[in-house]
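S.K.: Next up, work_14.csv (CSV, C-alpha atoms).
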chain,number,residue,atom,x,y,z
A,1,MET,CA,-11.6,-27.8,-11.8
A,2,LEU,CA,-9.6,-25.5,-13.9
A,3,THR,CA,-7.1,-24.4,-11.2
A,4,GLU,CA,-6.4,-28.1,-10.5
A,5,VAL,CA,-5.9,-29.0,-14.1
A,6,ILE,CA,-3.5,-26.0,-14.7
A,7,SER,CA,-1.5,-26.6,-11.6
A,8,HIS,CA,-1.2,-30.3,-12.2
A,9,PHE,CA,-0.1,-29.8,-15.8
A,10,ALA,CA,2.5,-27.1,-14.9
A,11,ILE,CA,3.9,-29.2,-12.1
A,12,GLN,CA,4.2,-32.2,-14.3
A,13,VAL,CA,6.1,-30.3,-17.0
A,14,LEU,CA,8.5,-28.8,-14.5
A,15,ASP,CA,8.9,-32.1,-12.6
A,16,SER,CA,9.7,-34.0,-15.7
A,17,THR,CA,12.2,-31.5,-17.1
A,18,GLY,CA,13.8,-30.7,-13.7
A,19,TYR,CA,16.0,-27.7,-12.9
A,20,ALA,CA,17.2,-27.6,-16.5
A,21,GLY,CA,13.6,-27.1,-17.8
A,22,ALA,CA,12.9,-24.3,-15.4
A,23,ALA,CA,16.2,-22.6,-16.3
A,24,LEU,CA,15.3,-22.9,-20.0
A,25,LEU,CA,11.8,-21.5,-19.6
A,26,MET,CA,13.2,-18.5,-17.7
A,27,ALA,CA,15.9,-18.0,-20.3
A,28,LEU,CA,13.2,-17.8,-23.0
A,29,GLU,CA,11.2,-15.5,-20.7
A,30,SER,CA,14.2,-13.1,-20.6
A,31,MET,CA,14.5,-13.1,-24.4
A,32,ILE,CA,11.9,-12.0,-27.0
A,33,LEU,CA,9.8,-15.1,-26.8
A,34,PRO,CA,6.5,-14.6,-25.0
A,35,VAL,CA,7.0,-17.0,-22.0
A,36,PRO,CA,5.7,-15.1,-18.9
A,37,SER,CA,7.6,-15.7,-15.6
A,38,GLU,CA,4.2,-15.5,-13.9
A,39,ALA,CA,3.3,-18.8,-15.5
A,40,VAL,CA,6.5,-20.5,-14.4
A,41,MET,CA,7.9,-19.4,-11.1
A,42,PRO,CA,4.8,-19.9,-8.9
A,43,PHE,CA,4.8,-23.5,-9.9
A,44,VAL,CA,8.5,-23.8,-9.1
A,45,GLY,CA,7.3,-22.6,-5.7
A,46,PHE,CA,4.9,-25.5,-5.6
A,47,LEU,CA,7.7,-28.0,-6.1
A,48,VAL,CA,9.8,-26.3,-3.4
A,49,ALA,CA,6.8,-26.4,-1.0
A,50,ASP,CA,6.3,-30.1,-1.8
A,51,GLY,CA,10.0,-30.8,-0.9
A,52,LYS,CA,10.8,-32.0,-4.4
A,53,TRP,CA,13.1,-29.1,-5.2
A,54,GLY,CA,15.5,-27.2,-3.0
A,55,LEU,CA,15.0,-23.5,-2.5
A,56,PRO,CA,18.6,-22.4,-3.1
A,57,GLN,CA,18.9,-24.6,-6.2
A,58,ALA,CA,15.5,-23.3,-7.6
A,59,ILE,CA,16.5,-19.7,-7.2
A,60,LEU,CA,20.0,-20.3,-8.6
A,61,VAL,CA,19.0,-22.1,-11.8
A,62,THR,CA,16.0,-19.8,-12.6
A,63,SER,CA,18.1,-16.7,-12.0
A,64,LEU,CA,20.9,-18.2,-14.1
A,65,GLY,CA,18.4,-18.9,-16.9
A,66,SER,CA,17.1,-15.3,-16.7
A,67,PHE,CA,20.6,-13.9,-17.0
A,68,LEU,CA,21.6,-16.2,-19.9
A,69,GLY,CA,18.4,-15.3,-21.9
A,70,SER,CA,19.0,-11.6,-21.2
A,71,LEU,CA,22.7,-11.9,-22.1
A,72,ILE,CA,21.8,-13.4,-25.5
A,73,SER,CA,19.5,-10.4,-26.2
A,74,TYR,CA,22.2,-8.0,-25.0
A,75,LEU,CA,24.8,-9.6,-27.3
A,76,MET,CA,22.4,-9.5,-30.2
A,77,GLY,CA,21.9,-5.8,-29.7
A,78,TYR,CA,25.6,-5.1,-28.9
A,79,TYR,CA,27.1,-6.8,-31.9
A,80,GLY,CA,24.3,-7.0,-34.4
A,81,GLY,CA,22.5,-3.7,-33.8
A,82,ARG,CA,18.9,-3.0,-34.4
A,83,PRO,CA,18.8,-4.3,-38.0
A,84,PHE,CA,20.1,-7.7,-36.9
A,85,VAL,CA,17.6,-7.8,-34.0
A,86,LEU,CA,14.7,-7.1,-36.3
A,87,LYS,CA,15.8,-9.6,-38.8
A,88,VAL,CA,16.1,-12.4,-36.3
A,89,GLY,CA,13.2,-11.2,-34.2
A,90,LYS,CA,10.6,-11.7,-36.9
A,91,TYR,CA,11.1,-15.4,-36.5
A,92,LEU,CA,10.7,-15.2,-32.7
A,93,LEU,CA,7.4,-13.3,-32.5
A,94,LEU,CA,9.1,-10.0,-31.8
A,95,ASP,CA,6.7,-7.2,-31.6
A,96,VAL,CA,8.5,-4.2,-33.3
A,97,HIS,CA,6.1,-1.7,-31.7
A,98,ASP,CA,6.9,-3.0,-28.2
A,99,LEU,CA,10.6,-2.9,-29.0
A,100,GLU,CA,10.4,0.7,-30.1
A,101,LEU,CA,8.5,1.7,-26.9
A,102,THR,CA,11.1,-0.1,-24.8
A,103,GLU,CA,14.0,1.6,-26.7
A,104,ARG,CA,12.5,5.1,-26.2
A,105,PHE,CA,11.9,4.4,-22.5
A,106,PHE,CA,15.4,3.0,-21.9
A,107,HIS,CA,17.3,5.7,-23.8
A,108,ARG,CA,15.2,8.5,-22.2
A,109,THR,CA,16.0,7.2,-18.7
A,110,GLY,CA,19.1,5.0,-19.2
A,111,GLY,CA,21.5,3.7,-16.6
A,112,THR,CA,21.9,0.6,-14.4
A,113,TRP,CA,19.0,1.5,-12.1
A,114,THR,CA,16.7,1.8,-15.0
A,115,LEU,CA,17.6,-1.7,-16.2
A,116,PHE,CA,17.2,-3.0,-12.7
A,117,PHE,CA,13.6,-1.6,-12.3
A,118,CYS,CA,12.7,-2.7,-15.9
A,119,ARG,CA,13.0,-6.3,-14.7
A,120,PHE,CA,9.7,-5.8,-12.8
A,121,ILE,CA,7.7,-4.3,-15.7
A,122,PRO,CA,5.7,-6.7,-17.9
A,123,VAL,CA,6.7,-6.7,-21.6
A,124,VAL,CA,9.5,-4.3,-21.0
A,125,ARG,CA,11.6,-6.9,-19.1
A,126,HIS,CA,11.4,-9.2,-22.1
A,127,LEU,CA,13.0,-6.6,-24.4
A,128,VAL,CA,15.1,-4.2,-22.3
A,129,SER,CA,18.3,-6.1,-22.8
A,130,ILE,CA,18.2,-5.4,-26.5
A,131,PRO,CA,18.5,-1.5,-26.2
A,132,ALA,CA,21.0,-2.0,-23.4
A,133,GLY,CA,23.2,-3.9,-25.9
A,134,ILE,CA,22.5,-1.5,-28.8
A,135,GLY,CA,23.4,1.4,-26.5
A,136,LYS,CA,26.7,-0.4,-25.6
A,137,MET,CA,25.9,-0.4,-21.9
A,138,ARG,CA,28.9,-1.6,-19.9
A,139,PHE,CA,28.8,-5.4,-19.4
A,140,TRP,CA,29.3,-5.5,-15.7
A,141,SER,CA,26.6,-2.8,-15.1
A,142,PHE,CA,24.3,-4.9,-17.3
A,143,THR,CA,25.2,-8.1,-15.4
A,144,LEU,CA,24.7,-6.5,-12.0
A,145,ALA,CA,21.3,-4.9,-12.8
A,146,THR,CA,20.0,-8.1,-14.6
A,147,VAL,CA,21.1,-10.6,-12.0
A,148,LEU,CA,19.7,-8.5,-9.0
A,149,GLY,CA,16.5,-7.6,-10.7
A,150,ALA,CA,15.8,-11.1,-12.1
A,151,THR,CA,16.7,-12.8,-8.8
A,152,LEU,CA,14.4,-10.6,-6.8
A,153,TRP,CA,11.5,-10.9,-9.2
A,154,ASN,CA,11.9,-14.7,-9.5
A,155,SER,CA,12.1,-15.1,-5.8
A,156,PHE,CA,9.0,-13.0,-5.3
A,157,LEU,CA,6.9,-15.2,-7.7
A,158,LEU,CA,8.4,-18.4,-6.2
A,159,ALA,CA,7.4,-17.2,-2.7
A,160,CYS,CA,3.8,-16.5,-3.9
A,161,GLY,CA,3.6,-20.0,-5.3
A,162,PHE,CA,5.1,-21.5,-2.1
A,163,LYS,CA,2.5,-19.7,0.1
A,164,LEU,CA,-0.3,-20.7,-2.3
A,165,ARG,CA,0.7,-24.4,-2.1
A,166,GLU,CA,0.8,-24.2,1.7
A,167,HIS,CA,-2.9,-23.1,1.7
A,168,TRP,CA,-4.0,-25.3,-1.2
A,169,GLU,CA,-6.8,-26.8,0.9
A,170,ILE,CA,-8.3,-23.3,1.2
A,171,VAL,CA,-7.9,-22.8,-2.6
A,172,GLN,CA,-9.7,-26.1,-3.2
A,173,ILE,CA,-12.6,-25.1,-1.0
A,174,TYR,CA,-13.1,-21.9,-3.0
A,175,ARG,CA,-11.9,-23.4,-6.3
A,176,HIS,CA,-15.1,-22.3,-8.1
A,177,HIS,CA,-14.2,-18.7,-7.4
A,178,PHE,CA,-10.7,-19.2,-8.6
A,179,ASP,CA,-11.9,-20.9,-11.8
A,180,GLY,CA,-14.2,-18.0,-12.4
A,181,LEU,CA,-11.4,-15.6,-11.9
A,182,ILE,CA,-9.1,-17.4,-14.3
A,183,VAL,CA,-11.8,-17.6,-17.0
A,184,GLY,CA,-12.5,-13.9,-16.5
A,185,MET,CA,-8.8,-13.0,-16.8
A,186,LEU,CA,-8.4,-15.1,-19.9
A,187,ALA,CA,-11.5,-13.4,-21.4
A,188,VAL,CA,-10.2,-9.9,-20.6
A,189,THR,CA,-6.7,-10.8,-22.0
A,190,ILE,CA,-8.3,-12.0,-25.3
A,191,VAL,CA,-10.5,-9.0,-25.6
A,192,TRP,CA,-7.5,-6.6,-24.9
A,193,TYR,CA,-5.3,-8.5,-27.4
A,194,VAL,CA,-7.9,-8.2,-30.2
A,195,TRP,CA,-8.5,-4.5,-29.4
A,196,TYR,CA,-4.8,-3.8,-29.3
A,197,LYS,CA,-4.1,-5.5,-32.6
A,198,LEU,CA,-7.1,-3.7,-34.3
A,199,LYS,CA,-5.9,-0.4,-32.9
A,200,ARG,CA,-2.4,-1.1,-34.2
A,201,ARG,CA,-3.7,-2.0,-37.7
A,202,ARG,CA,-5.8,1.2,-37.9
A,203,ALA,CA,-2.8,3.3,-36.8
A,204,LEU,CA,-0.6,1.7,-39.5
A,205,ARG,CA,-3.2,2.3,-42.2
A,206,GLY,CA,-3.5,5.9,-41.0
Starting from the file, lay out its structure as C-alpha coordinates.
M.R.:
Amino acid sequence: MLTEVISHFAIQVLDSTGYAGAALLMALESMILPVPSEAVMPFVGFLVADGKWGLPQAILVTSLGSFLGSLISYLMGYYGGRPFVLKVGKYLLLDVHDLELTERFFHRTGGTWTLFFCRFIPVVRHLVSIPAGIGKMRFWSFTLATVLGATLWNSFLLACGFKLREHWEIVQIYRHHFDGLIVGMLAVTIVWYVWYKLKRRRALRG
(Lines of atoms letter the chains of each structure in order from A and count residues from 1; the text may use other names and numbers.)
(Lines give C-alpha, C1' and ligand atoms only; values in the text may rest on other atoms or scores of the structure.)
Protein backbone atom coordinates (compact mmCIF):
# COMPACT_ATOMS: atom_id res chain seq x y z
CA MET A 1 0.00 0.00 0.00
CA LEU A 2 1.99 2.96 -1.31
CA THR A 3 -0.19 5.63 0.29
CA GLU A 4 0.12 3.95 3.69
CA VAL A 5 3.92 3.67 3.42
CA ILE A 6 4.34 7.32 2.35
CA SER A 7 2.04 8.70 5.03
CA HIS A 8 3.59 6.52 7.74
CA PHE A 9 7.12 7.60 6.80
CA ALA A 10 6.25 11.31 6.61
CA ILE A 11 4.42 11.26 9.94
CA GLN A 12 7.31 9.43 11.60
CA VAL A 13 9.81 12.02 10.35
CA LEU A 14 7.71 14.95 11.53
CA ASP A 15 6.76 13.25 14.79
CA SER A 16 10.40 12.53 15.63
CA THR A 17 11.67 16.01 14.76
CA GLY A 18 8.69 17.87 16.20
CA TYR A 19 7.78 21.49 15.52
CA ALA A 20 11.44 22.38 14.93
CA GLY A 21 11.66 19.81 12.11
CA ALA A 22 8.54 21.17 10.43
CA ALA A 23 9.86 24.72 10.71
CA LEU A 24 13.21 23.68 9.21
CA LEU A 25 11.56 21.89 6.28
CA MET A 26 9.40 24.93 5.52
CA ALA A 27 12.45 27.21 5.79
CA LEU A 28 14.21 25.06 3.19
CA GLU A 29 11.05 25.12 1.06
CA SER A 30 11.14 28.92 1.03
CA MET A 31 14.77 29.00 -0.05
CA ILE A 32 16.29 27.61 -3.23
CA LEU A 33 16.33 24.00 -2.07
CA PRO A 34 13.70 21.79 -3.73
CA VAL A 35 11.60 20.86 -0.67
CA PRO A 36 7.93 21.12 -1.74
CA SER A 37 5.47 22.34 0.88
CA GLU A 38 2.91 19.97 -0.66
CA ALA A 39 5.02 17.10 0.72
CA VAL A 40 5.23 18.58 4.23
CA MET A 41 2.15 20.52 5.28
CA PRO A 42 -0.55 17.88 4.61
CA PHE A 43 1.24 15.54 7.00
CA VAL A 44 1.44 18.32 9.56
CA GLY A 45 -2.35 18.32 9.17
CA PHE A 46 -2.32 14.57 9.89
CA LEU A 47 -0.57 15.18 13.22
CA VAL A 48 -2.99 17.95 14.13
CA ALA A 49 -5.95 15.70 13.27
CA ASP A 50 -4.46 12.95 15.48
CA GLY A 51 -4.23 15.41 18.37
CA LYS A 52 -0.44 15.13 18.58
CA TRP A 53 0.18 18.73 17.53
CA GLY A 54 -1.76 21.88 18.30
CA LEU A 55 -3.26 23.78 15.38
CA PRO A 56 -2.06 27.29 16.39
CA GLN A 57 1.44 26.01 17.15
CA ALA A 58 1.65 24.13 13.84
CA ILE A 59 0.63 27.18 11.81
CA LEU A 60 2.93 29.46 13.83
CA VAL A 61 6.12 27.40 13.51
CA THR A 62 5.65 26.50 9.84
CA SER A 63 4.87 30.09 8.90
CA LEU A 64 7.89 31.25 10.91
CA GLY A 65 10.03 28.71 9.07
CA SER A 66 8.70 29.92 5.71
CA PHE A 67 9.48 33.51 6.63
CA LEU A 68 13.00 32.78 7.87
CA GLY A 69 13.85 30.82 4.73
CA SER A 70 12.48 33.61 2.56
CA LEU A 71 14.36 36.19 4.63
CA ILE A 72 17.67 34.41 4.03
CA SER A 73 17.05 34.46 0.27
CA TYR A 74 16.00 38.13 0.47
CA LEU A 75 19.17 39.10 2.34
CA MET A 76 21.32 37.13 -0.11
CA GLY A 77 19.85 39.16 -2.94
CA TYR A 78 19.82 42.47 -1.05
CA TYR A 79 23.44 42.43 0.12
CA GLY A 80 25.10 40.00 -2.25
CA GLY A 81 23.32 40.73 -5.50
CA ARG A 82 22.89 38.33 -8.37
CA PRO A 83 26.58 37.25 -8.62
CA PHE A 84 26.60 36.13 -4.98
CA VAL A 85 23.29 34.30 -5.35
CA LEU A 86 24.54 32.41 -8.40
CA LYS A 87 27.85 31.60 -6.70
CA VAL A 88 26.18 30.16 -3.60
CA GLY A 89 23.22 28.74 -5.50
CA LYS A 90 25.27 26.30 -7.54
CA TYR A 91 25.91 24.38 -4.32
CA LEU A 92 22.20 24.39 -3.45
CA LEU A 93 20.76 23.02 -6.69
CA LEU A 94 19.70 26.46 -7.91
CA ASP A 95 18.24 26.32 -11.40
CA VAL A 96 19.53 29.49 -13.08
CA HIS A 97 16.90 29.31 -15.81
CA ASP A 98 14.08 29.25 -13.23
CA LEU A 99 15.70 32.16 -11.39
CA GLU A 100 15.85 34.21 -14.59
CA LEU A 101 12.18 33.53 -15.32
CA THR A 102 11.25 34.53 -11.76
CA GLU A 103 13.33 37.71 -11.99
CA ARG A 104 11.67 38.76 -15.25
CA PHE A 105 8.22 38.03 -13.85
CA PHE A 106 8.85 39.91 -10.61
CA HIS A 107 10.48 42.97 -12.19
CA ARG A 108 7.76 43.18 -14.84
CA THR A 109 4.93 43.21 -12.29
CA GLY A 110 6.71 44.14 -9.03
CA GLY A 111 5.21 45.30 -5.76
CA THR A 112 3.89 43.86 -2.51
CA TRP A 113 0.84 42.19 -4.06
CA THR A 114 2.98 40.43 -6.64
CA LEU A 115 5.17 38.96 -3.93
CA PHE A 116 2.06 37.91 -2.01
CA PHE A 117 0.51 36.04 -4.95
CA CYS A 118 3.86 34.48 -5.86
CA ARG A 119 3.65 32.53 -2.61
CA PHE A 120 0.97 30.38 -4.27
CA ILE A 121 2.84 29.64 -7.52
CA PRO A 122 4.99 26.47 -7.71
CA VAL A 123 8.73 27.02 -8.36
CA VAL A 124 8.27 30.81 -8.27
CA ARG A 125 7.58 30.83 -4.53
CA HIS A 126 10.94 29.14 -3.88
CA LEU A 127 12.86 31.88 -5.69
CA VAL A 128 10.87 35.11 -5.62
CA SER A 129 12.51 36.42 -2.43
CA ILE A 130 15.82 36.69 -4.30
CA PRO A 131 14.71 39.26 -6.91
CA ALA A 132 12.81 41.05 -4.13
CA GLY A 133 16.14 41.47 -2.35
CA ILE A 134 18.11 42.33 -5.48
CA GLY A 135 15.48 44.96 -6.30
CA LYS A 136 15.87 46.46 -2.78
CA MET A 137 12.20 45.94 -1.94
CA ARG A 138 11.30 47.60 1.35
CA PHE A 139 11.79 45.20 4.24
CA TRP A 140 8.39 45.70 5.86
CA SER A 141 6.57 45.29 2.54
CA PHE A 142 8.54 42.10 1.96
CA THR A 143 7.73 40.86 5.47
CA LEU A 144 4.01 41.59 5.20
CA ALA A 145 3.59 39.92 1.79
CA THR A 146 5.70 36.91 2.75
CA VAL A 147 4.09 36.22 6.12
CA LEU A 148 0.53 36.61 4.83
CA GLY A 149 1.11 34.57 1.69
CA ALA A 150 3.05 31.80 3.43
CA THR A 151 0.55 31.53 6.29
CA LEU A 152 -2.43 31.25 3.95
CA TRP A 153 -0.72 28.67 1.73
CA ASN A 154 0.55 26.59 4.66
CA SER A 155 -2.84 26.70 6.36
CA PHE A 156 -4.59 25.58 3.18
CA LEU A 157 -2.31 22.55 2.79
CA LEU A 158 -2.62 21.76 6.50
CA ALA A 159 -6.42 21.85 6.21
CA CYS A 160 -6.27 19.48 3.23
CA GLY A 161 -4.20 17.04 5.27
CA PHE A 162 -6.51 17.42 8.25
CA LYS A 163 -9.58 16.55 6.17
CA LEU A 164 -7.81 13.67 4.47
CA ARG A 165 -6.89 12.21 7.86
CA GLU A 166 -10.48 12.53 9.05
CA HIS A 167 -11.60 10.40 6.09
CA TRP A 168 -8.64 8.03 6.14
CA GLU A 169 -10.94 4.98 6.34
CA ILE A 170 -12.41 5.95 2.97
CA VAL A 171 -8.90 6.43 1.57
CA GLN A 172 -8.01 2.93 2.76
CA ILE A 173 -11.04 1.44 1.03
CA TYR A 174 -9.99 3.00 -2.26
CA ARG A 175 -6.25 2.80 -1.58
CA HIS A 176 -5.55 0.93 -4.81
CA HIS A 177 -6.89 3.88 -6.79
CA PHE A 178 -4.78 6.29 -4.75
CA ASP A 179 -1.70 4.12 -5.25
CA GLY A 180 -2.31 4.13 -9.00
CA LEU A 181 -2.74 7.90 -8.94
CA ILE A 182 0.54 8.41 -7.06
CA VAL A 183 2.44 6.10 -9.40
CA GLY A 184 0.93 7.89 -12.38
CA MET A 185 1.89 11.30 -11.00
CA LEU A 186 5.44 10.13 -10.33
CA ALA A 187 5.72 8.76 -13.86
CA VAL A 188 4.42 12.00 -15.39
CA THR A 189 6.82 14.02 -13.23
CA ILE A 190 9.83 11.94 -14.30
CA VAL A 191 8.88 12.13 -17.98
CA TRP A 192 8.33 15.89 -17.74
CA TYR A 193 11.66 16.39 -15.94
CA VAL A 194 13.61 14.42 -18.55
CA TRP A 195 11.84 16.27 -21.39
CA TYR A 196 12.48 19.64 -19.72
CA LYS A 197 16.19 18.93 -19.23
CA LEU A 198 16.64 17.68 -22.81
CA LYS A 199 14.83 20.74 -24.15
CA ARG A 200 17.07 23.02 -22.05
CA ARG A 201 20.17 21.23 -23.29
CA ARG A 202 19.14 21.61 -26.94
CA ALA A 203 18.36 25.28 -26.39
CA LEU A 204 21.79 25.91 -24.84
CA ARG A 205 23.52 24.12 -27.69
CA GLY A 206 21.53 26.20 -30.19
S.K.: Which of these, A:Leu33, A:Ala22, A:Leu55, A:Thr62, has the shortest distance to Thr151 (chain A) once you count only C-alpha atoms?
M.R.: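 Among the listed residues, the smallest separation from Thr151 (chain A) belongs to A:Thr62.
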S.K.: Quick one: pull the distance between CA of Val124 (chain A) and CA of Thr102 (chain A), Å, one decimal.
M.R.: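 For CA of Val124 (chain A) relative to CA of Thr102 (chain A), the distance reads 5.9 Å.
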S.K.: Counting all atoms listed in the file, what is within 9 Å of Ser155 (chain A), bar same-chain residues fewer than 4 positions away, as a VMD selection string?
M.R.: chain A and resid 41 45 59 63 150 to 151 159 to 160
S.K.: So that I can check the surroundings of region 68-74 of chain A, please list as a PyMOL selection string every protein, DNA and RNA residue that reaches within 10 Å of it, counting all atoms listed in the file and ignoring chain neighbours fewer than 5 positions away.
M.R.: chain A and resi 23-33+62-63+79-81+85+125-137+139+142-143+146-147+150
S.K.: With all atoms listed in the file as the counted atoms, please give the residues lying no more than 8 Å from Leu158 (chain A), apart from itself and same-chain residues fewer than 3 positions off, as a count of residues only.
M.R.: 10
S.K.: How many Å lie between CA of Leu47 (chain A) and CA of Leu144 (chain A), rounded to one decimal?
M.R.: 28.0 Å
S.K.: What is the CA of Ala49 (chain A)-CA of Glu166 (chain A) distance in Å, reported with one decimal?
M.R.: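 So the answer is 6.9 Å.
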S.K.: In terms of the shortest atom-to-atom distance over all atoms listed in the file, which of A:Pro122, A:Gly51, A:Gly111, A:Gly77 is closest to Ser141 (chain A)?
M.R.: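 Answer, going by the shortest atom-to-atom distance: A:Gly111.
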S.K.: Could you tell me which of A:Leu115, A:Leu86, A:Leu101, A:Ile121 comes closest to Leu148 (chain A) if we count all atoms listed in the file?
M.R.: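 Once distances to Leu148 (chain A) are computed over all atoms listed in the file, the minimum belongs to A:Leu115.
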S.K.: Find, counting only C-alpha atoms, the residue in A:Trp153, A:Trp140, A:Trp53, A:Phe84 that gets nearest to Cys118 (chain A).
M.R.: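 Once distances to Cys118 (chain A) are computed over only C-alpha atoms, the minimum belongs to A:Trp153.
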